[in-house]
Amino acid sequence: MSSLQREKRLLDITGAGSPDSLRRIREEEQNRLGAILSSSPVIELVDDLNELHDSLIGRALQLAEIEMARLGQGAPPVPYAYLLFGSGGRREQTFSSDQDSGLIYDDPQDEAEALTLENYFRTLAQLTVDCLIEIGYPPCEGNVIASNPEWCLSISSWERKLDAWFEEPSWENVRYLLIVADGRLIGGDRELSERWYGRFHRDFLGTPVIARRMMENTLRHKVLVGVFGQLLTERYGELAGSLDIKYGAYIPMVNVFRLLAVHAGIQETSTVGRIRSLETAGILSPDEAKESMDAFGLLLKLRLMAVTKSEDGQWVGTGVLKASDLNREWKLPLKKALKLGRKLQRQVERELRYRFGGR
Amino acid sequence: MVKKSLVALGAMLVLFPTMAFAAEGDGPSAATLDMGLNALWILVAAILVLLMQGGFILLETGSTRMKNAGHVAGKTIFTVGLVSLVYWAVGYGFAFGGDAGESLNKFIGIGNFFFDPTIVAQDGESFPSTIFFVFQLAFAAVSLSIAWGGFAERAKLSVYLIFTLVFGSVIYPIIAHWIWGGGFLAEDGAQDYAGSTVVHLTGAMAALAATILLKPRIGKYNKDGSANEILGHNQVFTSLAVLLLWVGWFGFNAGSAVAVGDGFFGYVAFTTQLGAAGGAVAALLISWLVKGKADIGVTLNGALAGLVAITASCAFVEPWAAVVIGLIAGVLVFFSQMFFEKIKADDPIAAMSVHGAAGIWGTAANGLFATPALVAQVGVGKEGLFYGGGGHQLWVQVESFVICGAFAFVASFIVLWVIKQIIGLRVTEEQEIIGLDLSEHGNYGYPEALKKSGTLNV
């Protein structure tokens, strides 16, 4: 996509005054990207697609602010930051990703202000989420979303929350930590999000055992390749014979690089960015980085291929692909990618076991 | 030695008090003692084999759904009862009756119908015929219970009744006669020590015929041909079932020595254990390697497949071969299950794989691993391919499982086909959905867990 086209799209988006028009722009752009999926380099395409998502979400936030003013609530009383988590945070949204988000606002001066700020930002988050639903981003099933009061907090409350999660690394808390590790600022105040990430990283270094807990939490997603290099497909049901690209290939890879990156203090949240930074930091050799990049690119592509348009024009992502639909040309590199994923998973596992012992 | 004699004497007193008293003074003769010991062991073995029905009850019930539990479990008690009567009336006569002419005897035995045995062992007999009958009857009942796997969760109760009559009186006895009753395969030297073919393959072939004619259970396959997994309702039952069967198998195999004598039955028990162990271990490992998860169901079937395979060969092979036979059986059962699922034969307890595929393998294994020394000990057939016997014994083994398998399949198929034409094999769709407990018996096996009014998605 040329920079000219890109600028035009951005102009269209910033000029759009309603969720409906944003939805139309999204539709058009996704159709265009879907059509060139098989013929273009995947990492650029995912970048392009996520730039689209970012602009749309950013605009939705602006529209929500405008709506707040229209409702007589005025401009935001203090700085705030709107964060994306999950695939949005990683800049790896597909054609059909849902919303994972959170909101941080500056600390109130006193209790009276606390209530005002709480009211203001909860409403703002709700409006933003509703607007995004209209644009076609369904809310997160696990309720990790800015409109959930638990995920819409002042910076001090957020810091206390992070501390508490680190102090009590239960299964659920570790899951939250894995989610927020992919947190990325999409709109609002950069300073707040930096402070927020600073706390996360400080706690991470102060609680070394969290790395192991994170690994344990993610290990149940096994890479779907067998001892003989065979693809492990679904055996029963409507999805029999298909390969769970999302949980059997993509997610394990994401987990491995997240763990390596967070551990190295790399703030980058996209997996591709994490691989590049890990190479720069000397944690991955240039060969390893290249291999990882190729493998992950392939998985990104397959993941996009697993999202299709249903009969009523909705984009639906099952996360699975029929193994029989993949010809040799796909299967060989896929097996190679999966084997790499398995190898990396084991490496991380071994290293952490070495550091903390088995259990 | 003193202890042994005392134990034996004690046993004699319990079993044959009159004989013991009659011989008071000079004590029982060595022949009587020998006969008594044999009798004791064979009866214990018969009881063990009968106890295997407990294994089949738990295996079949655990592998199927709650709504059919009472039916699946209870019908086995009924069919064991019915097959006992039928086998007593005619089955035993066709299998072991000695009145047929030489040429007829090649194919079927005649005599001993409505078996009326002498009350004690006759002079020169190494065990009483009563005990031999009970032992043989237990085998027939096992073969029948294997067949039920192919009927599970969809056949009408009346079908169980009719099929038991034919299977217990004709199908099973004829095959038993061919290999064990002096029939033509026995003359050829077919080695099937305790019934990999006679008992297990026969039952599995009946199951196959039933599966084909009954068609898969509702919900087993999707429109696009993909299979759904219909999980059994209790894996603890199925595990206990395997243990019961495993223990019972010592009666099955070691009891088939029908003698205590020189203690050869101990060797049979020993190889049996090795075969079962190999099957269990191999099955878990292969499912882990191929599917990425260690499958409990496959492991359980692997143990049984090891037992089924070693059943024919337990008296003919060396310990290492017993392990190999078990290991291969464990791998075989895994792939066989996938195969049958693929060709849309819905077999809820994997009878065709566990008893059919492993039964064939165990029978064939004799043609490879039978040793000269053990063949001499048992006195049946010749040594196998790996012991200088050439392909002869292997050919005999192939012949025996092909002929017996084909006969069991064709005969069962005809019987079931006729039943299907006349009264139908399968319950209605509504009855199947609501469960056979309710449709065939009027009560659920787990009344508190299932509402009687019958929400359909039980």
# chains A, B, ... in the order shown; residues from 1 in each chain; ligands from 1

$ select_by_dssp --residues "segment 91-304 of chain B" --states "strand (DSSP E or B)" --output "PyMOL selection string"
chain B and resi 98+110+155+221+227

$ write_last_selection --atoms "C-alpha atoms" --output "mmCIF file, in the first residue's frame"
data_model
loop_
_atom_site.group_PDB
_atom_site.id
_atom_site.type_symbol
_atom_site.label_atom_id
_atom_site.label_comp_id
_atom_site.auth_asym_id
_atom_site.auth_seq_id
_atom_site.Cartn_x
_atom_site.Cartn_y
_atom_site.Cartn_z
ATOM 1 C CA GLY B 98 -18.265 -88.242 20.121
ATOM 2 C CA ILE B 110 -22.901 -85.396 17.732
ATOM 3 C CA ALA B 155 -30.379 -53.489 19.447
ATOM 4 C CA TYR B 221 -21.343 -39.668 12.418
ATOM 5 C CA ALA B 227 -17.044 -39.062 13.380
#

$ residues_around --residues "Lys339 of chain A" --least-positions-apart "2" --cutoff "10 Å" --atoms "only C-alpha atoms" --output "VMD selection string"
chain A and resid 223 to 227 229 249 295 333 to 337 341 to 345

$ write_last_selection --atoms "C-alpha atoms" --output "JSON list (two decimals), in the first residue's frame"
[["chain", "number", "residue", "atom", "x", "y", "z"],
["A", 223, "VAL", "CA", 2.21, -27.42, 19.71],
["A", 224, "LEU", "CA", 0.24, -29.71, 17.43],
["A", 225, "VAL", "CA", 3.02, -31.71, 15.91],
["A", 226, "GLY", "CA", 3.69, -35.33, 16.84],
["A", 227, "VAL", "CA", 6.88, -37.21, 17.52],
["A", 229, "GLY", "CA", 6.54, -34.85, 12.64],
["A", 249, "ALA", "CA", 0.49, -23.21, 16.62],
["A", 295, "ALA", "CA", 7.81, -19.52, 11.07],
["A", 333, "PRO", "CA", 6.92, -25.16, 6.09],
["A", 334, "LEU", "CA", 4.09, -25.52, 8.60],
["A", 335, "LYS", "CA", 5.63, -28.66, 10.05],
["A", 336, "LYS", "CA", 8.96, -26.88, 10.18],
["A", 337, "ALA", "CA", 7.37, -23.94, 11.97],
["A", 341, "GLY", "CA", 7.67, -23.82, 18.16],
["A", 342, "ARG", "CA", 7.99, -27.08, 20.03],
["A", 343, "LYS", "CA", 11.74, -26.67, 20.29],
["A", 344, "LEU", "CA", 11.49, -23.13, 21.65],
["A", 345, "GLN", "CA", 8.74, -24.14, 24.07]]

$ closest_atom_pairs --of "chain A" --to "chain B" --cutoff "10 Å" --atoms "only C-alpha atoms" --output "JSON lines"
{"residue": "A:Lys222", "atom": "CA", "partner": "B:Gly292", "partner_atom": "CA", "distance": 8.7}
{"residue": "A:Val223", "atom": "CA", "partner": "B:Gly292", "partner_atom": "CA", "distance": 9.4}
{"residue": "A:Leu224", "atom": "CA", "partner": "B:Gly292", "partner_atom": "CA", "distance": 7.7}
{"residue": "A:Val225", "atom": "CA", "partner": "B:Gly292", "partner_atom": "CA", "distance": 7.7}
{"residue": "A:Gly226", "atom": "CA", "partner": "B:Gly292", "partner_atom": "CA", "distance": 5.9}
{"residue": "A:Val227", "atom": "CA", "partner": "B:Leu289", "partner_atom": "CA", "distance": 5.7}
{"residue": "A:Phe228", "atom": "CA", "partner": "B:Leu289", "partner_atom": "CA", "distance": 7.6}
{"residue": "A:Gly229", "atom": "CA", "partner": "B:Val290", "partner_atom": "CA", "distance": 9.5}
{"residue": "A:Gln230", "atom": "CA", "partner": "B:Val290", "partner_atom": "CA", "distance": 7.8}
{"residue": "A:Leu231", "atom": "CA", "partner": "B:Lys291", "partner_atom": "CA", "distance": 9.0}
{"residue": "A:Leu232", "atom": "CA", "partner": "B:Lys291", "partner_atom": "CA", "distance": 6.1}
{"residue": "A:Thr233", "atom": "CA", "partner": "B:Lys291", "partner_atom": "CA", "distance": 8.2}
{"residue": "A:Glu234", "atom": "CA", "partner": "B:Lys291", "partner_atom": "CA", "distance": 9.4}
{"residue": "A:Arg235", "atom": "CA", "partner": "B:Ala227", "partner_atom": "CA", "distance": 7.6}
{"residue": "A:Tyr236", "atom": "CA", "partner": "B:Asn228", "partner_atom": "CA", "distance": 4.6}
{"residue": "A:Gly237", "atom": "CA", "partner": "B:Asn228", "partner_atom": "CA", "distance": 4.4}
{"residue": "A:Glu238", "atom": "CA", "partner": "B:Ser226", "partner_atom": "CA", "distance": 6.5}
{"residue": "A:Leu239", "atom": "CA", "partner": "B:Ser226", "partner_atom": "CA", "distance": 8.0}
{"residue": "A:Ala240", "atom": "CA", "partner": "B:Ser226", "partner_atom": "CA", "distance": 5.9}
{"residue": "A:Gly241", "atom": "CA", "partner": "B:Ser226", "partner_atom": "CA", "distance": 8.1}

$ write_last_selection --atoms "C-alpha atoms" --output "PDB file, in the first residue's frame"
ATOM      1  CA  LYS A 222       0.692 -27.905  23.109  1.00  0.00           C
ATOM      2  CA  VAL A 223       2.215 -27.417  19.706  1.00  0.00           C
ATOM      3  CA  LEU A 224       0.235 -29.715  17.433  1.00  0.00           C
ATOM      4  CA  VAL A 225       3.024 -31.710  15.912  1.00  0.00           C
ATOM      5  CA  GLY A 226       3.692 -35.331  16.845  1.00  0.00           C
ATOM      6  CA  VAL A 227       6.884 -37.210  17.519  1.00  0.00           C
ATOM      7  CA  PHE A 228       6.985 -38.391  13.919  1.00  0.00           C
ATOM      8  CA  GLY A 229       6.540 -34.848  12.635  1.00  0.00           C
ATOM      9  CA  GLN A 230       2.891 -35.535  11.876  1.00  0.00           C
ATOM     10  CA  LEU A 231       0.248 -32.822  12.244  1.00  0.00           C
ATOM     11  CA  LEU A 232      -2.069 -33.522  15.162  1.00  0.00           C
ATOM     12  CA  THR A 233      -5.547 -32.802  13.870  1.00  0.00           C
ATOM     13  CA  GLU A 234      -8.922 -32.808  15.534  1.00  0.00           C
ATOM     14  CA  ARG A 235     -10.245 -36.366  15.572  1.00  0.00           C
ATOM     15  CA  TYR A 236     -13.915 -35.993  16.285  1.00  0.00           C
ATOM     16  CA  GLY A 237     -16.886 -33.801  15.591  1.00  0.00           C
ATOM     17  CA  GLU A 238     -17.643 -31.237  12.925  1.00  0.00           C
ATOM     18  CA  LEU A 239     -14.052 -30.069  12.982  1.00  0.00           C
ATOM     19  CA  ALA A 240     -12.601 -33.566  12.501  1.00  0.00           C
ATOM     20  CA  GLY A 241      -9.493 -33.478  10.359  1.00  0.00           C
TER      21      GLY A 241
END

$ residues_around --residues "Asp244 of chain A" --least-positions-apart "2" --cutoff "7 Å" --atoms "only C-alpha atoms" --output "PyMOL selection string"
chain A and resi 242+246-248+319-321

$ write_last_selection --atoms "C-alpha atoms" --output "mmCIF file, in the first residue's frame"
data_model
loop_
_atom_site.group_PDB
_atom_site.id
_atom_site.type_symbol
_atom_site.label_atom_id
_atom_site.label_comp_id
_atom_site.auth_asym_id
_atom_site.auth_seq_id
_atom_site.Cartn_x
_atom_site.Cartn_y
_atom_site.Cartn_z
ATOM 1 C CA SER A 242 -8.779 -29.828 10.995
ATOM 2 C CA LYS A 246 -4.784 -20.626 16.856
ATOM 3 C CA TYR A 247 -4.164 -22.719 19.964
ATOM 4 C CA GLY A 248 -1.963 -25.412 18.488
ATOM 5 C CA GLY A 319 -9.007 -20.481 14.262
ATOM 6 C CA VAL A 320 -8.923 -23.867 12.539
ATOM 7 C CA LEU A 321 -8.022 -25.021 9.036
#

$ residues_around --residues "segment 256-260 of chain B" --least-positions-apart "2" --cutoff "9 Å" --atoms "only C-alpha atoms" --output "list in words"
Asp34, Met35, Leu37, Asn38, Ala39, Trp41, Ile42, Ala45, Ser126, Phe127, Phe132, Phe135, Tyr193, Ala194, Gly251, Phe252, Asn253, Ala254, Asp262, Gly263, Phe264, Phe265, Gly266, Val268, Ala315 and Val378 of chain B

$ residues_around --residues "segment 255-263 of chain A" --least-positions-apart "3" --cutoff "9 Å" --atoms "only C-alpha atoms" --output "list in words"
Leu178, Ala181, Asp182, His201, Phe204, Leu205, Ala211, Met214, Met215, Thr218, Leu219, Tyr250, Ile251, Pro252, Ile266, Gln267, Glu268, Thr269, Ser270, Thr271, Arg274, Ile275, Ser277, Leu278, Ile283, Gly341, Leu344, Gln345 and Val348 of chain A

$ atom_distance --atom1 "atom CA of Arg32 of chain A" --atom2 "atom CA of Arg90 of chain A"
22.4 Å

$ select_by_dssp --residues "segment 219-303 of chain A" --states "helix (DSSP H, G or I)" --output "PyMOL selection string"
chain A and resi 245-263+271-280+286-303

$ residues_around --residues "segment 300-315 of chain A" --least-positions-apart "2" --cutoff "10 Å" --atoms "only C-alpha atoms" --output "PDB file with C-alpha atoms, in the first residue's frame"
ATOM      1  CA  GLU A  27     -15.515  -3.433   5.407  1.00  0.00           C
ATOM      2  CA  GLN A  30     -10.832  -5.701   4.848  1.00  0.00           C
ATOM      3  CA  ASN A  31     -12.264  -6.828   1.542  1.00  0.00           C
ATOM      4  CA  GLY A  34      -8.603 -10.265   2.070  1.00  0.00           C
ATOM      5  CA  LEU A  37      -3.881 -12.025   1.255  1.00  0.00           C
ATOM      6  CA  SER A  38      -2.457 -14.926  -0.672  1.00  0.00           C
ATOM      7  CA  SER A  40       1.325 -10.351  -0.481  1.00  0.00           C
ATOM      8  CA  PRO A  41       4.046 -10.625   2.152  1.00  0.00           C
ATOM      9  CA  VAL A  42       2.195 -11.431   5.308  1.00  0.00           C
ATOM     10  CA  ILE A  43       4.059  -9.323   7.838  1.00  0.00           C
ATOM     11  CA  LEU A  45      -0.171  -7.121   5.350  1.00  0.00           C
ATOM     12  CA  VAL A  46      -0.703  -7.733   9.065  1.00  0.00           C
ATOM     13  CA  GLU A  92      -1.923  -9.069  15.433  1.00  0.00           C
ATOM     14  CA  GLN A  93      -5.670  -8.612  15.047  1.00  0.00           C
ATOM     15  CA  THR A  94      -7.308 -10.582  12.286  1.00  0.00           C
ATOM     16  CA  PHE A  95     -10.379  -9.699  10.240  1.00  0.00           C
ATOM     17  CA  SER A  96     -12.582 -10.775  13.135  1.00  0.00           C
ATOM     18  CA  SER A  97     -10.840  -9.997  16.423  1.00  0.00           C
ATOM     19  CA  GLY A 136     -17.894  -4.712  14.334  1.00  0.00           C
ATOM     20  CA  LEU A 243      -5.810 -28.197  12.592  1.00  0.00           C
ATOM     21  CA  ASP A 244      -6.213 -25.772  15.467  1.00  0.00           C
ATOM     22  CA  ILE A 245      -3.948 -23.047  14.083  1.00  0.00           C
ATOM     23  CA  LYS A 246      -4.784 -20.626  16.856  1.00  0.00           C
ATOM     24  CA  ALA A 249       0.493 -23.214  16.624  1.00  0.00           C
ATOM     25  CA  TYR A 250       0.050 -19.458  16.929  1.00  0.00           C
ATOM     26  CA  ASP A 294       9.687 -17.102   8.854  1.00  0.00           C
ATOM     27  CA  ALA A 295       7.811 -19.523  11.067  1.00  0.00           C
ATOM     28  CA  PHE A 296       5.749 -16.846  12.767  1.00  0.00           C
ATOM     29  CA  GLY A 297       4.959 -15.139   9.478  1.00  0.00           C
ATOM     30  CA  LEU A 298       3.572 -18.386   8.159  1.00  0.00           C
ATOM     31  CA  GLY A 317     -12.649 -16.802  12.675  1.00  0.00           C
ATOM     32  CA  THR A 318     -12.778 -20.371  13.882  1.00  0.00           C
ATOM     33  CA  GLY A 319      -9.007 -20.481  14.262  1.00  0.00           C
ATOM     34  CA  VAL A 320      -8.923 -23.867  12.539  1.00  0.00           C
ATOM     35  CA  LEU A 321      -8.022 -25.021   9.036  1.00  0.00           C
ATOM     36  CA  LYS A 322      -8.808 -28.320   7.357  1.00  0.00           C
ATOM     37  CA  LEU A 326      -3.381 -27.469   2.900  1.00  0.00           C
ATOM     38  CA  TRP A 330       1.991 -25.315   2.928  1.00  0.00           C
ATOM     39  CA  LEU A 334       4.090 -25.522   8.598  1.00  0.00           C
TER      40      LEU A 334
END

$ residues_around --residues "Val331 of chain B" --least-positions-apart "4" --cutoff "8 Å" --atoms "only C-alpha atoms" --output "PDB file with C-alpha atoms, in the first residue's frame"
ATOM      1  CA  GLY B 279      -0.227 -54.793  25.129  1.00  0.00           C
ATOM      2  CA  ALA B 282       2.513 -50.441  23.760  1.00  0.00           C
ATOM      3  CA  ALA B 283      -1.024 -49.078  23.422  1.00  0.00           C
ATOM      4  CA  ILE B 286       1.508 -45.509  20.516  1.00  0.00           C
ATOM      5  CA  GLY B 302      -4.241 -52.554  24.593  1.00  0.00           C
ATOM      6  CA  LEU B 327       3.516 -55.203  22.178  1.00  0.00           C
ATOM      7  CA  PHE B 335      -4.715 -48.592  14.429  1.00  0.00           C
TER       8      PHE B 335
END
